Amino acid sequence: MLQGSSVDNSGPSFTPLVVLELASDAKEETIAWLMGRIKDQQQNGGAELLVEQLGPGVSTQEKYNPNIFLVGASWQRLLSGAEDLGLFKEFSDGSMRAFTCANKLNFKEFKGDGDSFLSMAECQYIIKHELDTLRAKDETHVPGYTQTKLYPGKSIVRRLQSKGILIQMFPLHEKEALKRLSFSWYKKVKLSLQPLDDIKHYYGEGQALYFGFLEYFTFALVPLALIGVPYYLFDLDDYDRYVIYAVFNLVWCTVILELWKRFSASLAYRWGTLSRKKAFEEPRPGFHGVLGFNPVTGREEPLYPNTKRQLRVYLVSLPFVLLCLYLSFCVMMIYFLMEGWALSVHDEEPTFWTGILLFIPSIIYAVVIEIMNLIYRYAAEFLTEWENHRLESSYQNHLVLKVLVFNFFNCFASLFYIAFVMQDMVLLRQSLATLLITSQILNQFMEAFLPYWLQRRRNKKMIHKVRKIRTLEGKELPLTEQVRLEAHMSTYLGTFDDYLELFLLFGYVSLFSCVYPLAAVLVVLNNITEVYSDAFKMCHVFKRPFSDPAADIGVWQLAFETMSVIAVVTNCALIGMSPQVKTYFLDSETQLILWTVAVEHVLLAFKFILTFVIPDVPKHIQIKLARLEFESLEALKKKRQLLGGKCLKPRSSVRTSSEEERRAYKY
């Protein structure tokens, strides 16, 4: 075990921000080398951070991992890291500007030594960035592990993670701040908006944007739900009158997405991520290849031929996805056979029980869909990992594409078949209602009850020990026990599954809700419970995730917009199939098809015109950004005049990509 200072119940000599847990059998030589690199000065290639080893805690009789370390930093080091990252903070004039230490006193919230200027989420993100950019110098391998190769410029933390030497790295919860957030977020039942600024302050912009989108989507559904309730009650058996609702649906799904872009831009500007450039992307921890020279970075690093990756994508992954779609189609046809059998039984002898039997095939099919989606998700992750993408963004884009294509086909193929092949609106309404309700029940079970139950079971011993400590000592949970408790909590895997669920719900509402208007009502109720269940999980089930300085919802914006385009086509087709419209084209079905296609093209054109008419960024924010750029140019001119016309490198508040690359490789 590494000799040196350790943290016991008395606490560390600094504020702990991040926890590093190494393998229990990690070599002492490796630990000493890593800790030395973390503590070393920046000019020597170190991270210049503070680190202490976690002590055994209250009870030393139980087996525990001794290789857990707490990492922190001085406030001056954190402020320097904030400048390196280009964090945007509120300036004295109310604008958002990149923080600089030289100009720190002109920032609105900077007081005294600036020890409360940065949120803890920002501090933890800075620590993570410094650890991720900790690079090998002249080492050829990790000390103590001759088979774990290193080369100059390789990220040490990523190498240790990929080889299982570093088990996990996670930020610590703040007990008091978490209590306040929990109370204002989900413990107090109230009719008000979510505390998005508090969520951003504690979890970061990416998580806050998800909850902002969830809230926005829920409120956007209210008009559709209010129209849908009387429509459903008074036109329950009249399928000839869904044309008006379909037209409203078309306008609704187009406008809400455009308005969301404006709302998210306002949030991103307020939180300082709208103008902030992303840092230069590093290779993924799982990326592997033959060591070669990268002409962009000027360093040696693993290189993998893009041609080989494309062959894997098109010759293996694509056929596999098509095979899965075919299997999904076969399952769908089995469902229709079951549906036909149940209908025949009910027609022979209609009773109460045979009436219930009519819903059984749809319920079974909905359960099978969720199981298939889950199995396919694991297969898609395995395939995408095997494709060996160099960047995390490329990996995520390929994974999202695979999952979205399969989930869309698996969830909606049967509804398209019923609507446009069978043309049975009664069965379409029944199937849509059953699939939607069953999937919501399963999702609530999988996302709310099951994680909580598993976490309680996993931490049963720890919770018992915590209660014993509080009973005997009458004190709050010691830091050592808090760290070990959080280390056993589930790891939050990001917002992928949350956005995927909202994407499918948006599909149920926008594609076919005109034949089942209560769909919007059910989704509103689901989203309300989703807010509370997700908030509970974030606060009590998962480890605290690192902040994600996002400016928007990323690729999911494109996914929702693609769904809205499909919704235009689907609703136009449903309108063309309605008996109301068909009465105007009794003599020629060809004219009906041509008119339907023409209307669909006009609506698509209207949709794309709206994307240009409605600016993504509100005018007042555009003016603030332009003014900031103007002031930067004016300041540059004045500096040049003072220097007698000598060339001076610009220091714009919006960093260029080359600046970010140099900063990313500073250490």
# chains A, B, ... in the order shown; residues from 1 in each chain; ligands from 1

call {"tool": "residues_around", "arguments": {"residues": "segment 48-57 of chain A", "least_positions_apart": "4", "cutoff": "6 Å", "atoms": "only C-alpha atoms", "output": "mmCIF file with C-alpha atoms, in the first residue's frame"}}
result
data_model
loop_
_atom_site.group_PDB
_atom_site.id
_atom_site.type_symbol
_atom_site.label_atom_id
_atom_site.label_comp_id
_atom_site.auth_asym_id
_atom_site.auth_seq_id
_atom_site.Cartn_x
_atom_site.Cartn_y
_atom_site.Cartn_z
ATOM 1 C CA SER A 6 -4.442 9.392 4.136
ATOM 2 C CA VAL A 7 -7.926 10.617 4.854
ATOM 3 C CA ASP A 8 -9.604 9.228 7.939
ATOM 4 C CA ILE A 38 -0.957 14.197 -10.524
ATOM 5 C CA LYS A 39 0.869 16.276 -7.884
ATOM 6 C CA ASP A 40 3.755 17.416 -10.083
ATOM 7 C CA GLN A 41 4.010 21.001 -11.372
ATOM 8 C CA GLN A 42 2.495 21.863 -14.737
ATOM 9 C CA ILE A 68 -9.148 4.931 -3.313
ATOM 10 C CA PHE A 69 -7.860 8.495 -3.620
ATOM 11 C CA LEU A 70 -9.461 11.914 -3.257
ATOM 12 C CA VAL A 71 -8.408 14.616 -5.704
ATOM 13 C CA GLY A 72 -8.800 18.371 -5.279
ATOM 14 C CA ALA A 73 -7.040 21.595 -6.214
ATOM 15 C CA THR A 480 -14.786 7.933 4.315
#

call {"tool": "residues_around", "arguments": {"residues": "segment 519-534 of chain A", "least_positions_apart": "5", "cutoff": "7 Å", "atoms": "only C-alpha atoms", "output": "PDB file with N, CA and C atoms, in the first residue's frame"}}
result
ATOM      1  N   TYR A 186     -38.095  17.596  -6.378  1.00  0.00           N
ATOM      2  CA  TYR A 186     -39.113  16.535  -6.440  1.00  0.00           C
ATOM      3  C   TYR A 186     -39.760  16.196  -5.092  1.00  0.00           C
ATOM      4  N   THR A 218     -43.372  18.475 -22.304  1.00  0.00           N
ATOM      5  CA  THR A 218     -44.604  18.241 -21.542  1.00  0.00           C
ATOM      6  C   THR A 218     -45.579  19.405 -21.702  1.00  0.00           C
ATOM      7  N   LEU A 221     -47.192  19.577 -25.099  1.00  0.00           N
ATOM      8  CA  LEU A 221     -48.237  18.568 -25.318  1.00  0.00           C
ATOM      9  C   LEU A 221     -49.592  18.992 -24.759  1.00  0.00           C
ATOM     10  N   LEU A 224     -52.339  19.938 -27.304  1.00  0.00           N
ATOM     11  CA  LEU A 224     -52.758  18.728 -28.008  1.00  0.00           C
ATOM     12  C   LEU A 224     -53.635  17.857 -27.113  1.00  0.00           C
ATOM     13  N   ALA A 225     -53.287  17.799 -25.811  1.00  0.00           N
ATOM     14  CA  ALA A 225     -54.068  17.001 -24.871  1.00  0.00           C
ATOM     15  C   ALA A 225     -55.438  17.630 -24.608  1.00  0.00           C
ATOM     16  N   GLN A 440     -45.301   2.353 -21.405  1.00  0.00           N
ATOM     17  CA  GLN A 440     -45.128   3.312 -20.309  1.00  0.00           C
ATOM     18  C   GLN A 440     -45.047   2.602 -18.963  1.00  0.00           C
ATOM     19  N   ALA A 448     -37.793   3.358 -12.678  1.00  0.00           N
ATOM     20  CA  ALA A 448     -38.032   3.911 -11.337  1.00  0.00           C
ATOM     21  C   ALA A 448     -37.889   2.852 -10.250  1.00  0.00           C
ATOM     22  N   LEU A 505     -41.949   8.401 -27.639  1.00  0.00           N
ATOM     23  CA  LEU A 505     -43.220   9.007 -27.232  1.00  0.00           C
ATOM     24  C   LEU A 505     -43.645  10.097 -28.210  1.00  0.00           C
ATOM     25  N   VAL A 509     -47.166  10.250 -30.517  1.00  0.00           N
ATOM     26  CA  VAL A 509     -48.066  11.402 -30.541  1.00  0.00           C
ATOM     27  C   VAL A 509     -48.178  12.003 -31.935  1.00  0.00           C
ATOM     28  N   SER A 513     -51.588   9.966 -33.465  1.00  0.00           N
ATOM     29  CA  SER A 513     -52.479  10.359 -32.377  1.00  0.00           C
ATOM     30  C   SER A 513     -53.821  10.884 -32.880  1.00  0.00           C
TER      31      SER A 513
END

call {"tool": "atom_distance", "arguments": {"atom1": "atom CA of Ala598 of chain A", "atom2": "atom CA of Thr562 of chain A"}}
result
19.7 Å

call {"tool": "atom_distance", "arguments": {"atom1": "atom CA of Asn388 of chain A", "atom2": "atom CA of Leu166 of chain A"}}
result
21.2 Å

call {"tool": "select_by_dssp", "arguments": {"residues": "segment 611-647 of chain A", "states": "alpha helix (DSSP H)", "output": "list of chain:residue names"}}
result
A:Thr611, A:Phe612, A:Val613, A:Lys619, A:His620, A:Ile621, A:Gln622, A:Ile623, A:Lys624, A:Leu625, A:Ala626, A:Arg627, A:Leu628, A:Glu629, A:Phe630, A:Glu631, A:Ser632, A:Leu633, A:Glu634, A:Ala635, A:Leu636, A:Lys637, A:Lys638, A:Lys639, A:Arg640, A:Gln641, A:Leu642

call {"tool": "residues_around", "arguments": {"residues": "segment 151-159 of chain A", "least_positions_apart": "5", "cutoff": "9 Å", "atoms": "only C-alpha atoms", "output": "list in words"}}
result
Leu34, Leu131, Asp132, Thr133, Leu134, Arg135, Ala136, Lys137, Asp138, Glu139, Thr140, His141, Val142, Gly164, Ile165, Leu166, Glu282, Pro283, Arg284, Pro285, Gly286, Leu291, Arg299, Glu300, Glu301, Tyr665 and Tyr667 of chain A

call {"tool": "atom_distance", "arguments": {"atom1": "atom CA of Met489 of chain A", "atom2": "atom CA of Lys543 of chain A"}}
result
5.7 Å

call {"tool": "residues_around", "arguments": {"residues": "segment 211-215 of chain A", "least_positions_apart": "4", "cutoff": "7 Å", "atoms": "only C-alpha atoms", "output": "VMD selection string"}}
result
chain A and resid 196 207 219

call {"tool": "write_last_selection", "arguments": {"atoms": "all heavy atoms", "output": "PDB file, in the first residue's frame"}}
result
ATOM      1  N   LEU A 196     -34.220  24.632 -13.112  1.00  0.00           N
ATOM      2  CA  LEU A 196     -33.210  24.289 -14.122  1.00  0.00           C
ATOM      3  C   LEU A 196     -31.851  24.903 -13.794  1.00  0.00           C
ATOM      4  O   LEU A 196     -30.811  24.272 -14.019  1.00  0.00           O
ATOM      5  CB  LEU A 196     -33.680  24.747 -15.505  1.00  0.00           C
ATOM      6  CG  LEU A 196     -34.907  24.033 -16.075  1.00  0.00           C
ATOM      7  CD1 LEU A 196     -35.242  24.581 -17.458  1.00  0.00           C
ATOM      8  CD2 LEU A 196     -34.682  22.530 -16.144  1.00  0.00           C
ATOM      9  N   GLN A 207     -27.142  17.826 -18.432  1.00  0.00           N
ATOM     10  CA  GLN A 207     -28.246  17.243 -17.671  1.00  0.00           C
ATOM     11  C   GLN A 207     -29.400  18.237 -17.548  1.00  0.00           C
ATOM     12  O   GLN A 207     -30.573  17.856 -17.652  1.00  0.00           O
ATOM     13  CB  GLN A 207     -27.744  16.834 -16.287  1.00  0.00           C
ATOM     14  CG  GLN A 207     -28.619  15.828 -15.570  1.00  0.00           C
ATOM     15  CD  GLN A 207     -28.677  14.511 -16.292  1.00  0.00           C
ATOM     16  OE1 GLN A 207     -27.702  14.087 -16.889  1.00  0.00           O
ATOM     17  NE2 GLN A 207     -29.826  13.880 -16.281  1.00  0.00           N
ATOM     18  N   PHE A 219     -45.079  20.638 -21.571  1.00  0.00           N
ATOM     19  CA  PHE A 219     -45.953  21.805 -21.736  1.00  0.00           C
ATOM     20  C   PHE A 219     -46.438  21.932 -23.183  1.00  0.00           C
ATOM     21  O   PHE A 219     -47.574  22.372 -23.426  1.00  0.00           O
ATOM     22  CB  PHE A 219     -45.229  23.080 -21.311  1.00  0.00           C
ATOM     23  CG  PHE A 219     -45.243  23.311 -19.834  1.00  0.00           C
ATOM     24  CD1 PHE A 219     -44.120  23.049 -19.061  1.00  0.00           C
ATOM     25  CD2 PHE A 219     -46.382  23.772 -19.198  1.00  0.00           C
ATOM     26  CE1 PHE A 219     -44.132  23.259 -17.694  1.00  0.00           C
ATOM     27  CE2 PHE A 219     -46.408  23.980 -17.832  1.00  0.00           C
ATOM     28  CZ  PHE A 219     -45.282  23.718 -17.072  1.00  0.00           C
TER      29      PHE A 219
END

call {"tool": "closest_residue", "arguments": {"among": "A:Phe234, A:Phe536, A:Phe170, A:Phe606", "to": "Lys187 of chain A", "atoms": "only C-alpha atoms"}}
result
A:Phe536

call {"tool": "closest_residue", "arguments": {"among": "A:Arg627, A:Arg377, A:Arg77, A:Arg262", "to": "Val403 of chain A", "atoms": "only C-alpha atoms"}}
result
A:Arg377

call {"tool": "closest_residue", "arguments": {"among": "A:Asn410, A:Thr351, A:Asn306, A:Leu391", "to": "Met332 of chain A", "atoms": "only C-alpha atoms"}}
result
A:Asn410
